[in-house]
file structure-v7.cif (mmCIF, C-alpha atoms and all ligand atoms; chains and numbers go by the auth columns)
data_data
loop_
_atom_site.group_PDB
_atom_site.id
_atom_site.type_symbol
_atom_site.label_atom_id
_atom_site.label_comp_id
_atom_site.label_asym_id
_atom_site.label_seq_id
_atom_site.Cartn_x
_atom_site.Cartn_y
_atom_site.Cartn_z
_atom_site.B_iso_or_equiv
_atom_site.auth_seq_id
_atom_site.auth_asym_id
ATOM 1 C CA MET A 1 0.000 0.000 0.000 0.00 1 A
ATOM 2 C CA GLY A 2 2.642 2.508 1.096 0.00 2 A
ATOM 3 C CA ASP A 3 2.748 6.274 1.065 0.00 3 A
ATOM 4 C CA ILE A 4 0.075 8.274 -0.634 0.00 4 A
ATOM 5 C CA GLN A 5 0.727 9.436 -4.197 0.00 5 A
ATOM 6 C CA ALA A 6 0.444 13.052 -5.408 0.00 6 A
ATOM 7 C CA GLN A 7 -2.649 12.152 -7.472 0.00 7 A
ATOM 8 C CA GLU A 8 -4.386 10.717 -4.390 0.00 8 A
ATOM 9 C CA VAL A 9 -3.448 13.770 -2.349 0.00 9 A
ATOM 10 C CA LYS A 10 -5.116 16.043 -4.884 0.00 10 A
ATOM 11 C CA ARG A 11 -8.264 13.926 -4.911 0.00 11 A
ATOM 12 C CA LEU A 12 -8.448 13.975 -1.108 0.00 12 A
ATOM 13 C CA ILE A 13 -8.047 17.758 -1.081 0.00 13 A
ATOM 14 C CA ARG A 14 -10.908 18.089 -3.577 0.00 14 A
ATOM 15 C CA GLU A 15 -13.152 15.770 -1.597 0.00 15 A
ATOM 16 C CA ALA A 16 -12.372 17.418 1.754 0.00 16 A
ATOM 17 C CA THR A 17 -13.207 20.786 0.221 0.00 17 A
ATOM 18 C CA GLU A 18 -16.509 19.397 -1.095 0.00 18 A
ATOM 19 C CA ALA A 19 -17.318 18.015 2.360 0.00 19 A
ATOM 20 C CA MET A 20 -16.699 21.405 3.950 0.00 20 A
ATOM 21 C CA ALA A 21 -19.697 22.774 2.040 0.00 21 A
ATOM 22 C CA TYR A 22 -21.973 20.747 4.339 0.00 22 A
ATOM 23 C CA SER A 23 -20.394 22.038 7.563 0.00 23 A
ATOM 24 C CA TYR A 24 -23.058 22.794 10.164 0.00 24 A
ATOM 25 C CA SER A 25 -21.298 25.457 12.188 0.00 25 A
ATOM 26 C CA PRO A 26 -23.727 28.261 13.089 0.00 26 A
ATOM 27 C CA TYR A 27 -21.967 28.940 16.427 0.00 27 A
ATOM 28 C CA SER A 28 -18.299 29.218 15.477 0.00 28 A
ATOM 29 C CA GLY A 29 -18.711 29.993 11.783 0.00 29 A
ATOM 30 C CA PHE A 30 -15.606 27.852 11.295 0.00 30 A
ATOM 31 C CA LYS A 31 -16.193 25.350 8.486 0.00 31 A
ATOM 32 C CA VAL A 32 -14.157 22.158 8.296 0.00 32 A
ATOM 33 C CA GLY A 33 -14.113 19.313 5.785 0.00 33 A
ATOM 34 C CA ALA A 34 -12.266 15.994 5.912 0.00 34 A
ATOM 35 C CA ALA A 35 -11.684 13.153 3.458 0.00 35 A
ATOM 36 C CA LEU A 36 -10.508 9.844 4.907 0.00 36 A
ATOM 37 C CA LEU A 37 -8.882 7.255 2.636 0.00 37 A
ATOM 38 C CA ALA A 38 -9.424 3.640 3.710 0.00 38 A
ATOM 39 C CA ASP A 39 -7.142 0.727 2.848 0.00 39 A
ATOM 40 C CA ASN A 40 -9.916 -0.636 0.610 0.00 40 A
ATOM 41 C CA GLY A 41 -9.790 2.525 -1.524 0.00 41 A
ATOM 42 C CA ASN A 42 -13.038 4.043 -0.249 0.00 42 A
ATOM 43 C CA ILE A 43 -13.041 7.714 0.706 0.00 43 A
ATOM 44 C CA TYR A 44 -15.235 8.815 3.623 0.00 44 A
ATOM 45 C CA LYS A 45 -16.074 12.494 3.764 0.00 45 A
ATOM 46 C CA GLY A 46 -17.027 14.407 6.880 0.00 46 A
ATOM 47 C CA CYS A 47 -17.818 17.915 8.081 0.00 47 A
ATOM 48 C CA ASN A 48 -18.015 19.487 11.522 0.00 48 A
ATOM 49 C CA ILE A 49 -21.475 19.397 13.086 0.00 49 A
ATOM 50 C CA GLU A 50 -22.105 21.835 15.923 0.00 50 A
ATOM 51 C CA ASN A 51 -24.858 21.903 18.517 0.00 51 A
ATOM 52 C CA ALA A 52 -26.674 24.599 20.514 0.00 52 A
ATOM 53 C CA ALA A 53 -25.480 22.854 23.695 0.00 53 A
ATOM 54 C CA TYR A 54 -21.897 23.183 22.333 0.00 54 A
ATOM 55 C CA THR A 55 -20.315 20.028 23.829 0.00 55 A
ATOM 56 C CA PRO A 56 -22.083 17.551 21.519 0.00 56 A
ATOM 57 C CA SER A 57 -20.327 19.197 18.564 0.00 57 A
ATOM 58 C CA ASN A 58 -18.382 16.809 16.353 0.00 58 A
ATOM 59 C CA CYS A 59 -15.289 17.598 14.317 0.00 59 A
ATOM 60 C CA ALA A 60 -15.089 16.854 10.590 0.00 60 A
ATOM 61 C CA GLU A 61 -12.380 14.239 11.132 0.00 61 A
ATOM 62 C CA ARG A 62 -14.423 12.250 13.629 0.00 62 A
ATOM 63 C CA THR A 63 -17.497 12.452 11.421 0.00 63 A
ATOM 64 C CA ALA A 64 -15.454 10.808 8.651 0.00 64 A
ATOM 65 C CA PHE A 65 -14.001 8.126 10.953 0.00 65 A
ATOM 66 C CA TYR A 66 -17.356 7.264 12.468 0.00 66 A
ATOM 67 C CA LYS A 67 -19.018 7.021 9.074 0.00 67 A
ATOM 68 C CA ALA A 68 -16.391 4.496 7.979 0.00 68 A
ATOM 69 C CA VAL A 69 -16.283 2.456 11.180 0.00 69 A
ATOM 70 C CA SER A 70 -20.073 2.312 11.329 0.00 70 A
ATOM 71 C CA GLU A 71 -19.984 0.706 7.891 0.00 71 A
ATOM 72 C CA GLY A 72 -17.449 -1.929 8.920 0.00 72 A
ATOM 73 C CA VAL A 73 -14.340 -0.191 7.560 0.00 73 A
ATOM 74 C CA SER A 74 -11.587 0.424 10.107 0.00 74 A
ATOM 75 C CA LYS A 75 -8.230 0.380 8.298 0.00 75 A
ATOM 76 C CA PHE A 76 -6.977 3.673 6.937 0.00 76 A
ATOM 77 C CA ARG A 77 -4.084 5.215 5.019 0.00 77 A
ATOM 78 C CA ALA A 78 -4.602 8.966 5.170 0.00 78 A
ATOM 79 C CA ILE A 79 -6.902 11.849 6.001 0.00 79 A
ATOM 80 C CA CYS A 80 -7.071 15.315 4.461 0.00 80 A
ATOM 81 C CA ILE A 81 -8.394 18.299 6.415 0.00 81 A
ATOM 82 C CA VAL A 82 -9.370 21.751 5.166 0.00 82 A
ATOM 83 C CA GLY A 83 -11.041 24.522 7.102 0.00 83 A
ATOM 84 C CA GLY A 84 -11.473 28.202 7.703 0.00 84 A
ATOM 85 C CA LYS A 85 -13.684 30.902 9.110 0.00 85 A
ATOM 86 C CA ASP A 86 -16.819 31.116 6.920 0.00 86 A
ATOM 87 C CA GLY A 87 -15.217 28.523 4.659 0.00 87 A
ATOM 88 C CA ARG A 88 -12.381 30.810 3.576 0.00 88 A
ATOM 89 C CA LEU A 89 -9.339 28.629 3.080 0.00 89 A
ATOM 90 C CA THR A 90 -6.521 30.929 4.120 0.00 90 A
ATOM 91 C CA GLY A 91 -4.412 28.651 6.320 0.00 91 A
ATOM 92 C CA PHE A 92 -3.919 25.117 7.602 0.00 92 A
ATOM 93 C CA THR A 93 -6.419 23.492 9.958 0.00 93 A
ATOM 94 C CA ALA A 94 -4.813 20.873 12.183 0.00 94 A
ATOM 95 C CA PRO A 95 -6.790 18.188 14.004 0.00 95 A
ATOM 96 C CA CYS A 96 -7.735 18.777 17.646 0.00 96 A
ATOM 97 C CA GLY A 97 -6.409 16.533 20.396 0.00 97 A
ATOM 98 C CA VAL A 98 -9.577 14.459 20.594 0.00 98 A
ATOM 99 C CA CYS A 99 -9.432 13.697 16.865 0.00 99 A
ATOM 100 C CA ARG A 100 -5.746 12.755 17.152 0.00 100 A
ATOM 101 C CA GLN A 101 -6.729 10.285 19.870 0.00 101 A
ATOM 102 C CA VAL A 102 -9.435 8.809 17.613 0.00 102 A
ATOM 103 C CA MET A 103 -6.874 8.459 14.796 0.00 103 A
ATOM 104 C CA MET A 104 -4.642 6.636 17.293 0.00 104 A
ATOM 105 C CA GLU A 105 -7.391 4.091 17.853 0.00 105 A
ATOM 106 C CA PHE A 106 -7.685 3.031 14.221 0.00 106 A
ATOM 107 C CA CYS A 107 -4.410 3.967 12.544 0.00 107 A
ATOM 108 C CA ASN A 108 -0.780 2.965 12.636 0.00 108 A
ATOM 109 C CA PRO A 109 0.937 6.146 13.921 0.00 109 A
ATOM 110 C CA GLY A 110 4.099 5.421 11.920 0.00 110 A
ATOM 111 C CA SER A 111 2.345 5.106 8.576 0.00 111 A
ATOM 112 C CA PHE A 112 -0.974 6.997 8.730 0.00 112 A
ATOM 113 C CA GLN A 113 -0.643 10.314 6.898 0.00 113 A
ATOM 114 C CA VAL A 114 -2.408 13.543 7.832 0.00 114 A
ATOM 115 C CA ILE A 115 -2.680 16.065 5.010 0.00 115 A
ATOM 116 C CA LEU A 116 -3.339 19.679 5.981 0.00 116 A
ATOM 117 C CA ALA A 117 -4.381 21.617 2.924 0.00 117 A
ATOM 118 C CA VAL A 118 -5.281 25.073 1.704 0.00 118 A
ATOM 119 C CA ASP A 119 -5.747 24.023 -1.916 0.00 119 A
ATOM 120 C CA GLU A 120 -4.377 21.486 -4.397 0.00 120 A
ATOM 121 C CA ALA A 121 -1.105 23.401 -4.671 0.00 121 A
ATOM 122 C CA CYS A 122 -0.635 24.189 -0.997 0.00 122 A
ATOM 123 C CA TYR A 123 -0.523 21.360 1.506 0.00 123 A
ATOM 124 C CA LYS A 124 1.708 19.614 3.994 0.00 124 A
ATOM 125 C CA ILE A 125 1.792 16.009 5.066 0.00 125 A
ATOM 126 C CA TYR A 126 2.529 14.640 8.529 0.00 126 A
ATOM 127 C CA ARG A 127 2.577 11.167 10.009 0.00 127 A
ATOM 128 C CA LEU A 128 0.274 10.647 12.952 0.00 128 A
ATOM 129 C CA GLU A 129 3.306 9.924 15.175 0.00 129 A
ATOM 130 C CA GLU A 130 4.615 13.429 14.470 0.00 130 A
ATOM 131 C CA LEU A 131 1.343 15.062 15.476 0.00 131 A
ATOM 132 C CA PHE A 132 0.725 12.732 18.402 0.00 132 A
ATOM 133 C CA PRO A 133 4.016 11.468 19.810 0.00 133 A
ATOM 134 C CA GLU A 134 3.899 8.732 22.458 0.00 134 A
ATOM 135 C CA GLY A 135 0.152 8.425 21.994 0.00 135 A
ATOM 136 C CA PHE A 136 -1.810 5.961 24.069 0.00 136 A
ATOM 137 C CA GLY A 137 -3.590 3.406 21.941 0.00 137 A
ATOM 138 C CA PRO A 138 -4.883 -0.154 21.629 0.00 138 A
ATOM 139 C CA GLU A 139 -1.313 -1.527 21.715 0.00 139 A
ATOM 140 C CA ASN A 140 -0.943 -0.316 25.272 0.00 140 A
ATOM 141 C CA LEU A 141 -3.803 -2.533 26.388 0.00 141 A
ATOM 142 C CA ALA A 142 -2.729 -5.616 24.461 0.00 142 A
HETATM 143 N N1 LIG B . -13.030 21.632 14.093 0.00 1 B
HETATM 144 C C1 LIG B . -12.980 20.542 13.271 0.00 1 B
HETATM 145 O O1 LIG B . -14.011 20.072 12.771 0.00 1 B
HETATM 146 N N2 LIG B . -11.767 19.992 13.023 0.00 1 B
HETATM 147 C C2 LIG B . -10.573 20.527 13.402 0.00 1 B
HETATM 148 O O2 LIG B . -9.533 20.008 13.039 0.00 1 B
HETATM 149 C C3 LIG B . -10.550 21.732 14.243 0.00 1 B
HETATM 150 C C4 LIG B . -11.870 22.182 14.757 0.00 1 B
HETATM 151 C C5 LIG B . -14.333 22.275 14.305 0.00 1 B
HETATM 152 C C6 LIG B . -14.937 22.122 15.654 0.00 1 B
HETATM 153 C C7 LIG B . -15.856 23.334 15.712 0.00 1 B
HETATM 154 O O3 LIG B . -17.067 23.003 15.045 0.00 1 B
HETATM 155 C C8 LIG B . -15.132 24.375 14.876 0.00 1 B
HETATM 156 O O4 LIG B . -14.199 23.670 14.086 0.00 1 B
HETATM 157 C C9 LIG B . -14.421 25.437 15.691 0.00 1 B
HETATM 158 O O5 LIG B . -13.605 24.847 16.642 0.00 1 B
#
call {"tool": "encode", "arguments": {"input": "structure-v7.cif", "output": "structure tokens"}}
result
Amino acid sequence: MGDIQAQEVKRLIREATEAMAYSYSPYSGFKVGAALLADNGNIYKGCNIENAAYTPSNCAERTAFYKAVSEGVSKFRAICIVGGKDGRLTGFTAPCGVCRQVMMEFCNPGSFQVILAVDEACYKIYRLEELFPEGFGPENLA
């Protein structure tokens, strides 16, 4: 399987940007979209979904993960994240700590790639282990 190719990166950026259009974020006005690439080739898209009671809000990344896992898919290669105030893509949007912990549950930290993008020409790629060093995960309980 290996590292993600430039072509796949561009597709994930497009799909994450499409997903952002559905962001339900009336409280923060900050729109986020994610596109999660599974080992089986499927791409699961997600947006952030806020709530009047605030704490039930769900990030775009977790929406994408939970869509996949709830359909029986739980092996992943990469996720792309885009976001910005009112959907204006002017900088990188990095995953929150809770989402990094969820990635840790389902992904190999040494190989899973996290793409932070502004557009198809402007992105950077991290490994989960760089964003979440010494993370606690399923291996610790094995
Ligand atoms: N948010 C995400 O969906 N993903 C991130 O990576 C950062 C934050 C959402 C949560 C909330 O709806 C809004 O952005 C502002 O924090």
call {"tool": "residues_near_ligand", "arguments": {"input": "structure-v7.cif", "ligand": "ligand LIG 1 (chain B)", "cutoff": "10 Å", "atoms": "only C-alpha atoms and all ligand atoms", "output": "ChimeraX atom specification"}}
result
/A:20,23-34,46-51,54-63,81-85,92-100,116
call {"tool": "closest_residue", "arguments": {"input": "structure-v7.cif", "among": "A:Phe132, A:Phe106, A:Phe65, A:Tyr126", "to": "A:Tyr44", "atoms": "only C-alpha atoms"}}
result
A:Phe65
call {"tool": "residues_around", "arguments": {"input": "structure-v7.cif", "residues": "A:Gln7", "least_positions_apart": "5", "cutoff": "12 Å", "atoms": "all atoms listed in the file", "output": "ChimeraX atom specification"}}
result
/A:12-14,120-121
call {"tool": "atom_distance", "arguments": {"input": "structure-v7.cif", "atom1": "atom CA of A:Gly72", "atom2": "atom CA of A:Ala6"}}
result
27.4 Å
call {"tool": "atom_distance", "arguments": {"input": "structure-v7.cif", "atom1": "atom CA of A:Val118", "atom2": "atom CA of A:Glu8"}}
result
15.6 Å
call {"tool": "closest_residue", "arguments": {"input": "structure-v7.cif", "among": "A:Val102, A:Phe112, A:Ala21, A:Gly91", "to": "A:Ala38", "atoms": "only C-alpha atoms"}}
result
A:Phe112
call {"tool": "atom_distance", "arguments": {"input": "structure-v7.cif", "atom1": "atom CA of A:Leu128", "atom2": "atom CA of A:Lys75"}}
result
14.1 Å
call {"tool": "closest_residue", "arguments": {"input": "structure-v7.cif", "among": "A:Ile43, A:Phe76, A:Val69, A:Asp86", "to": "A:Gln113", "atoms": "all atoms listed in the file"}}
result
A:Phe76
call {"tool": "resolve_selection", "arguments": {"input": "structure-v7.cif", "expression": "the PyMOL selection byres (((chain A and resi 133-135) around 12) and not hetatm)", "output": "PDB file with C-alpha atoms, keeping the file's coordinate frame"}}
result
ATOM      1  CA  GLY A  97      -6.409  16.533  20.396  1.00  0.00           C
ATOM      2  CA  VAL A  98      -9.577  14.459  20.594  1.00  0.00           C
ATOM      3  CA  ARG A 100      -5.746  12.755  17.152  1.00  0.00           C
ATOM      4  CA  GLN A 101      -6.729  10.285  19.870  1.00  0.00           C
ATOM      5  CA  VAL A 102      -9.435   8.809  17.613  1.00  0.00           C
ATOM      6  CA  MET A 103      -6.874   8.459  14.796  1.00  0.00           C
ATOM      7  CA  MET A 104      -4.642   6.636  17.293  1.00  0.00           C
ATOM      8  CA  GLU A 105      -7.391   4.091  17.853  1.00  0.00           C
ATOM      9  CA  CYS A 107      -4.410   3.967  12.544  1.00  0.00           C
ATOM     10  CA  ASN A 108      -0.780   2.965  12.636  1.00  0.00           C
ATOM     11  CA  PRO A 109       0.937   6.146  13.921  1.00  0.00           C
ATOM     12  CA  GLY A 110       4.099   5.421  11.920  1.00  0.00           C
ATOM     13  CA  TYR A 126       2.529  14.640   8.529  1.00  0.00           C
ATOM     14  CA  ARG A 127       2.577  11.167  10.009  1.00  0.00           C
ATOM     15  CA  LEU A 128       0.274  10.647  12.952  1.00  0.00           C
ATOM     16  CA  GLU A 129       3.306   9.924  15.175  1.00  0.00           C
ATOM     17  CA  GLU A 130       4.615  13.429  14.470  1.00  0.00           C
ATOM     18  CA  LEU A 131       1.343  15.062  15.476  1.00  0.00           C
ATOM     19  CA  PHE A 132       0.725  12.732  18.402  1.00  0.00           C
ATOM     20  CA  PHE A 136      -1.810   5.961  24.069  1.00  0.00           C
ATOM     21  CA  GLY A 137      -3.590   3.406  21.941  1.00  0.00           C
ATOM     22  CA  PRO A 138      -4.883  -0.154  21.629  1.00  0.00           C
ATOM     23  CA  GLU A 139      -1.313  -1.527  21.715  1.00  0.00           C
ATOM     24  CA  ASN A 140      -0.943  -0.316  25.272  1.00  0.00           C
TER      25      ASN A 140
END
call {"tool": "resolve_selection", "arguments": {"input": "structure-v7.cif", "expression": "the PyMOL selection byres (((chain A and resi 125) around 6) and not hetatm)", "output": "PyMOL selection string"}}
result
chain A and resi 114-115+124+126
call {"tool": "write_last_selection", "arguments": {"input": "structure-v7.cif", "atoms": "C-alpha atoms", "output": "PDB file, keeping the file's coordinate frame"}}
result
ATOM      1  CA  VAL A 114      -2.408  13.543   7.832  1.00  0.00           C
ATOM      2  CA  ILE A 115      -2.680  16.065   5.010  1.00  0.00           C
ATOM      3  CA  LYS A 124       1.708  19.614   3.994  1.00  0.00           C
ATOM      4  CA  TYR A 126       2.529  14.640   8.529  1.00  0.00           C
TER       5      TYR A 126
END
call {"tool": "resolve_selection", "arguments": {"input": "structure-v7.cif", "expression": "the PyMOL selection byres (((chain A and resi 1) around 12) and not hetatm)", "output": "mmCIF file with C-alpha atoms, keeping the file's coordinate frame"}}
result
data_model
loop_
_atom_site.group_PDB
_atom_site.id
_atom_site.type_symbol
_atom_site.label_atom_id
_atom_site.label_comp_id
_atom_site.auth_asym_id
_atom_site.auth_seq_id
_atom_site.Cartn_x
_atom_site.Cartn_y
_atom_site.Cartn_z
ATOM 1 C CA GLY A 2 2.642 2.508 1.096
ATOM 2 C CA ASP A 3 2.748 6.274 1.065
ATOM 3 C CA ILE A 4 0.075 8.274 -0.634
ATOM 4 C CA GLN A 5 0.727 9.436 -4.197
ATOM 5 C CA LEU A 37 -8.882 7.255 2.636
ATOM 6 C CA ALA A 38 -9.424 3.640 3.710
ATOM 7 C CA ASP A 39 -7.142 0.727 2.848
ATOM 8 C CA ASN A 40 -9.916 -0.636 0.610
ATOM 9 C CA GLY A 41 -9.790 2.525 -1.524
ATOM 10 C CA LYS A 75 -8.230 0.380 8.298
ATOM 11 C CA PHE A 76 -6.977 3.673 6.937
ATOM 12 C CA ARG A 77 -4.084 5.215 5.019
ATOM 13 C CA ALA A 78 -4.602 8.966 5.170
ATOM 14 C CA SER A 111 2.345 5.106 8.576
ATOM 15 C CA PHE A 112 -0.974 6.997 8.730
#
call {"tool": "axis_aligned_box", "arguments": {"input": "structure-v7.cif", "around": "stretch 131-137 of chain A", "padding_each_side": "3 Å", "output": "JSON"}}
result
{"center_x": 0.2, "center_y": 9.2, "center_z": 19.8, "size_x": 13.6, "size_y": 17.7, "size_z": 14.6}
call {"tool": "closest_residue", "arguments": {"input": "structure-v7.cif", "among": "A:Ala64, A:Leu89, A:Ala142, A:Ala117", "to": "A:Lys45", "atoms": "only C-alpha atoms"}}
result
A:Ala64
call {"tool": "build_atoms", "arguments": {"input": "structure-v7.cif", "residues": "stretch 71-96 of chain A", "atoms": "N, CA, C and O atoms", "output": "compact mmCIF listing (two decimals), keeping the file's coordinate frame"}}
result
# COMPACT_ATOMS: atom_id res chain seq x y z
N GLU A 71 -19.69 1.53 9.07
CA GLU A 71 -19.98 0.71 7.89
C GLU A 71 -19.01 -0.47 7.78
O GLU A 71 -18.88 -1.09 6.72
N GLY A 72 -18.30 -0.74 8.88
CA GLY A 72 -17.45 -1.93 8.92
C GLY A 72 -16.05 -1.73 8.37
O GLY A 72 -15.31 -2.70 8.18
N VAL A 73 -15.67 -0.49 8.12
CA VAL A 73 -14.34 -0.19 7.56
C VAL A 73 -13.50 0.47 8.66
O VAL A 73 -13.88 1.51 9.20
N SER A 74 -12.36 -0.12 8.99
CA SER A 74 -11.59 0.42 10.11
C SER A 74 -10.07 0.39 9.88
O SER A 74 -9.29 0.47 10.83
N LYS A 75 -9.66 0.28 8.61
CA LYS A 75 -8.23 0.38 8.30
C LYS A 75 -8.04 1.55 7.33
O LYS A 75 -8.72 1.61 6.29
N PHE A 76 -7.09 2.42 7.67
CA PHE A 76 -6.98 3.67 6.94
C PHE A 76 -5.54 4.02 6.57
O PHE A 76 -4.61 3.65 7.29
N ARG A 77 -5.41 4.78 5.48
CA ARG A 77 -4.08 5.22 5.02
C ARG A 77 -3.82 6.69 5.29
O ARG A 77 -2.68 7.07 5.59
N ALA A 78 -4.85 7.52 5.10
CA ALA A 78 -4.60 8.97 5.17
C ALA A 78 -5.90 9.73 5.37
O ALA A 78 -6.99 9.24 5.05
N ILE A 79 -5.75 10.95 5.91
CA ILE A 79 -6.90 11.85 6.00
C ILE A 79 -6.45 13.23 5.55
O ILE A 79 -5.29 13.62 5.79
N CYS A 80 -7.34 13.93 4.87
CA CYS A 80 -7.07 15.32 4.46
C CYS A 80 -8.05 16.22 5.18
O CYS A 80 -9.24 15.89 5.29
N ILE A 81 -7.56 17.36 5.66
CA ILE A 81 -8.39 18.30 6.42
C ILE A 81 -8.25 19.69 5.81
O ILE A 81 -7.12 20.16 5.57
N VAL A 82 -9.39 20.34 5.57
CA VAL A 82 -9.37 21.75 5.17
C VAL A 82 -10.35 22.50 6.06
O VAL A 82 -11.33 21.93 6.53
N GLY A 83 -10.10 23.77 6.29
CA GLY A 83 -11.04 24.52 7.10
C GLY A 83 -10.71 25.98 7.16
O GLY A 83 -9.58 26.41 6.85
N GLY A 84 -11.71 26.77 7.54
CA GLY A 84 -11.47 28.20 7.70
C GLY A 84 -12.75 28.91 8.13
O GLY A 84 -13.85 28.40 7.94
N LYS A 85 -12.56 30.08 8.69
CA LYS A 85 -13.68 30.90 9.11
C LYS A 85 -14.56 31.20 7.88
O LYS A 85 -14.05 31.64 6.84
N ASP A 86 -15.86 30.92 8.01
CA ASP A 86 -16.82 31.12 6.92
C ASP A 86 -16.42 30.38 5.64
O ASP A 86 -16.80 30.77 4.54
N GLY A 87 -15.61 29.33 5.81
CA GLY A 87 -15.22 28.52 4.66
C GLY A 87 -14.12 29.13 3.82
O GLY A 87 -13.81 28.64 2.73
N ARG A 88 -13.49 30.19 4.32
CA ARG A 88 -12.38 30.81 3.58
C ARG A 88 -11.09 30.05 3.89
O ARG A 88 -10.65 30.02 5.04
N LEU A 89 -10.54 29.45 2.88
CA LEU A 89 -9.34 28.63 3.08
C LEU A 89 -8.10 29.51 2.96
O LEU A 89 -7.56 29.71 1.88
N THR A 90 -7.67 30.01 4.12
CA THR A 90 -6.52 30.93 4.12
C THR A 90 -5.32 30.36 4.88
O THR A 90 -4.25 30.95 4.88
N GLY A 91 -5.52 29.24 5.56
CA GLY A 91 -4.41 28.65 6.32
C GLY A 91 -4.71 27.19 6.63
O GLY A 91 -5.76 26.68 6.28
N PHE A 92 -3.76 26.54 7.29
CA PHE A 92 -3.92 25.12 7.60
C PHE A 92 -4.80 24.92 8.84
O PHE A 92 -4.74 25.72 9.77
N THR A 93 -5.60 23.88 8.80
CA THR A 93 -6.42 23.49 9.96
C THR A 93 -5.93 22.13 10.44
O THR A 93 -6.05 21.13 9.72
N ALA A 94 -5.36 22.11 11.63
CA ALA A 94 -4.81 20.87 12.18
C ALA A 94 -5.84 20.21 13.11
O ALA A 94 -6.65 20.89 13.73
N PRO A 95 -5.80 18.89 13.19
CA PRO A 95 -6.79 18.19 14.00
C PRO A 95 -6.64 18.48 15.50
O PRO A 95 -5.51 18.61 16.00
N CYS A 96 -7.76 18.56 16.19
CA CYS A 96 -7.74 18.78 17.65
C CYS A 96 -7.22 17.52 18.35
O CYS A 96 -7.09 16.44 17.74
